[in-house]
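*Asks:* Here it is, the structure in full.
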Amino acid sequence: MASNEQLSLFRQGIKWALPSLLSDDSAPGMQLYDRSFLVAIVGLMCFGFVMVMSASMPEATKLTGDPFHFMYRHIFYLIGCIAIAFVVLKFDVSYWEKNSGMLMLGVLVLLIAVLFIGTSVNGAKRWLSVGPIRIQVAEMAKFIFIVYMAGYLVRRHGELRENRKGFIKPICVYGLFALLILLQPDLGTVVVLFVCTVSLLFLAGARIIDFMALILLGVVTFVLLVLFEPYRMRRVTSFMDPWEDPFGSGYQLTQSLMAYGRGDWFGQGLGNSIQKLAYLPEAHTDFIFAVIGEELGFVGIIMVLLALFFVAIRAIRLGNLCLKMQRPFESYVAYGVGIWVCFQTVVNVGASIGMLPTKGLTLPFISYGGSSLWVMTAAVMLLVRIDYERRLSLVQAVQGRTS
């Protein structure tokens with residue numbers, strides 16, 4: 001359903017009631033968007049700004065002489081988030097469904113362009129430079145691939161369930177995405193895309209034999225990619241025993257574990273991290289969760305995880321509600337975004353506490369990085385638009401019956 005009514009999130013005033021996590025608050029006459037979901041997103045972004053400012057000052061001073069260098073850039077990213085939110089909320093969901101194929105082709109072109117004209121950082125060519133702005137195309141690929149998969153699963157649902165051809169087509173598209181991203185190289189994004197692909201195919205009802213074959217192929221491919229790339233192998237072996245080489249391959253993880261150890265229950269206090277001073281690399285990006293643990297303690301990291309879990313579960317719940325209303329595209333998008341947020345959080349946190357190898361994935365809405373923040377904003381704003389149209393259709397249905 002496409003509505004011409006302008007989306008206005010604040011027309012009912014600031015009345016921030018927090019409904020139950022799993023309650024059905026979509027009854028006609030209530031607000032036309034999920035306030036608690038929006039509050040959680042804005043809260044995570046504001047908290048991320050504070051933590052980026054705290055974690056980045058030593059690195060900014062060392063690199064530029066200005067302790068607020070990364071803070072100023074992060075403010076610019078947050079302003080960009082506001083602009084992106086207004087743009088995404090303006091378009092009907094039907095626009096994304098109709099143009100999912102073209103969006104996918106556009107991202108493929110950008111992924112190819114990165115290999116030729118991209119900017120290299122630390123040996124990885126992952127960014128396209130547009131003036132002073134660097135865009136990480138692999139981040140865009142996560143979101144657009146979910147939108148493409150949702151559109152494909154709606155168009156080819158019968159073919160997917162009945163024969164192998166419908167199952168192989170999206171796998172081929174994924175394989176092309178994965179190949180281009182691995183050439184950057186960026187194995188972490190490939191793993192995220194694989195998990196989202198497998199999850200959506202499973203939810204769409206793919207045949208179990210095809211599903212299990214894909215899982216097996218994915219595991220074997222991942223193992224081979226690790227075995228034949230020395231730096232990936234070092235990451236795997238170092239995370240299993242980082243103290244074997246605490247000043248070499250295990251340096252990041254040992255410093256991260258020290259940060260958690262210093263945090264104890266309630267932390268050392270905001271801004272009082274020692275590990276961020278010169279010991280913990282990437283303190284404001286990949287390992288910002290360790291700084292949160294050191295400064296805010298166990299209680300702080302549990303609160304952050306609860307907020308991120310809340311966002312993921314609300315997205316998945318939205319998928320359930322859309323499925324009940326026979327809105328499959330919206331349902332698959334909501335499921336995909338929820339799985340993406342949840343899995344990327346698990347990988348980031350797991351890497352910083354030594355449960356998983358270091359993958360270089362950001363903590364959603366919190367880590368420093370414009371591309372990740374902007375793409376995540378676009379994804380969750382699309383969910384807000386989906387929820388708005390779903391609720392509006394319920395109100396219109398009731399009005400139609402009473403008129």
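Simple scheme: letters A, B, ... for chains in structure tokens order, numbers from 1 for residues in each chain, numbers from 1 for ligands in the order shown.
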Using only C-alpha atoms, determine which residues lie at most 8 Å from A:Val311, disregarding the query and same-chain residues fewer than 3 positions distant; provide the list as a compact mmCIF listing (two decimals) with N, CA and C atoms, in the first residue's frame.

*Replies:*
# COMPACT_ATOMS: atom_id res chain seq x y z
N PHE A 37 10.80 2.17 19.48
CA PHE A 37 11.85 1.80 18.53
C PHE A 37 12.67 3.02 18.14
N ALA A 40 14.87 4.21 21.03
CA ALA A 40 16.03 3.34 21.21
C ALA A 40 17.12 3.68 20.20
N ILE A 41 16.75 3.93 18.95
CA ILE A 41 17.72 4.27 17.91
C ILE A 41 18.41 5.59 18.23
N ALA A 307 19.68 -2.57 24.84
CA ALA A 307 19.15 -1.60 23.88
C ALA A 307 19.28 -2.14 22.45
N LEU A 308 20.41 -2.72 22.13
CA LEU A 308 20.61 -3.28 20.79
C LEU A 308 19.70 -4.49 20.56
N ARG A 314 12.44 -5.76 18.01
CA ARG A 314 11.32 -4.98 17.47
C ARG A 314 11.27 -5.11 15.94
N ALA A 315 12.45 -5.18 15.32
CA ALA A 315 12.48 -5.36 13.87
C ALA A 315 11.90 -6.72 13.48
N GLY A 338 16.67 -6.94 11.21
CA GLY A 338 16.79 -7.42 12.58
C GLY A 338 17.91 -8.43 12.75
N VAL A 341 21.38 -6.53 12.42
CA VAL A 341 21.76 -5.80 13.63
C VAL A 341 22.21 -6.77 14.72

*Asks:* At a cut-off of 12 Å, can you tabulate as a tab-separated table every residue of stretch 55-134 of chain A near stretch 168-182 of chain A together with its closest atom pair and the distance in Å to one decimal, using only C-alpha atoms and ordering rows by chain then number?

*Replies:*
residue	atom	partner	partner_atom	distance
A:Gly101	CA	A:Val173	CA	10.9
A:Met104	CA	A:Val173	CA	9.3
A:Leu105	CA	A:Val173	CA	10.2
A:Gly106	CA	A:Phe177	CA	11.9
A:Val107	CA	A:Phe177	CA	9.1
A:Leu108	CA	A:Phe177	CA	7.0
A:Val109	CA	A:Leu180	CA	10.1
A:Leu110	CA	A:Leu180	CA	10.0
A:Leu111	CA	A:Leu180	CA	6.3
A:Ile112	CA	A:Leu180	CA	6.8
A:Ala113	CA	A:Leu180	CA	10.0
A:Val114	CA	A:Leu180	CA	9.2
A:Leu115	CA	A:Leu180	CA	8.1
A:Phe116	CA	A:Leu180	CA	11.6
A:Ala124	CA	A:Leu182	CA	10.2
A:Lys125	CA	A:Ile181	CA	9.7
A:Arg126	CA	A:Ile181	CA	8.2
A:Trp127	CA	A:Ile181	CA	11.4

*Asks:* With a distance cut-off of 12 Å and only C-alpha atoms, select the neighbouring residues of A:Val349, excluding the residue or stretch itself and same-chain residues fewer than 5 positions from it, and output the selection as a ChimeraX atom specification.

*Replies:* /A:253,256-257,260,285-293,301-302,304-305,308,342-344,354-364,367

*Asks:* Tell me which of A:Ile353, A:Leu89, A:Val198, A:Ala60 sits closest to A:Glu389, counting only C-alpha atoms.

*Replies:*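 The shortest atom-to-atom distance to A:Glu389 comes from A:Leu89.
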
*Asks:* Could you give me, as a count of residues only, the residues within 8 Å of A:Lys142, counting only C-alpha atoms and dropping anything in the same chain fewer than 6 positions from it?

*Replies:* 3
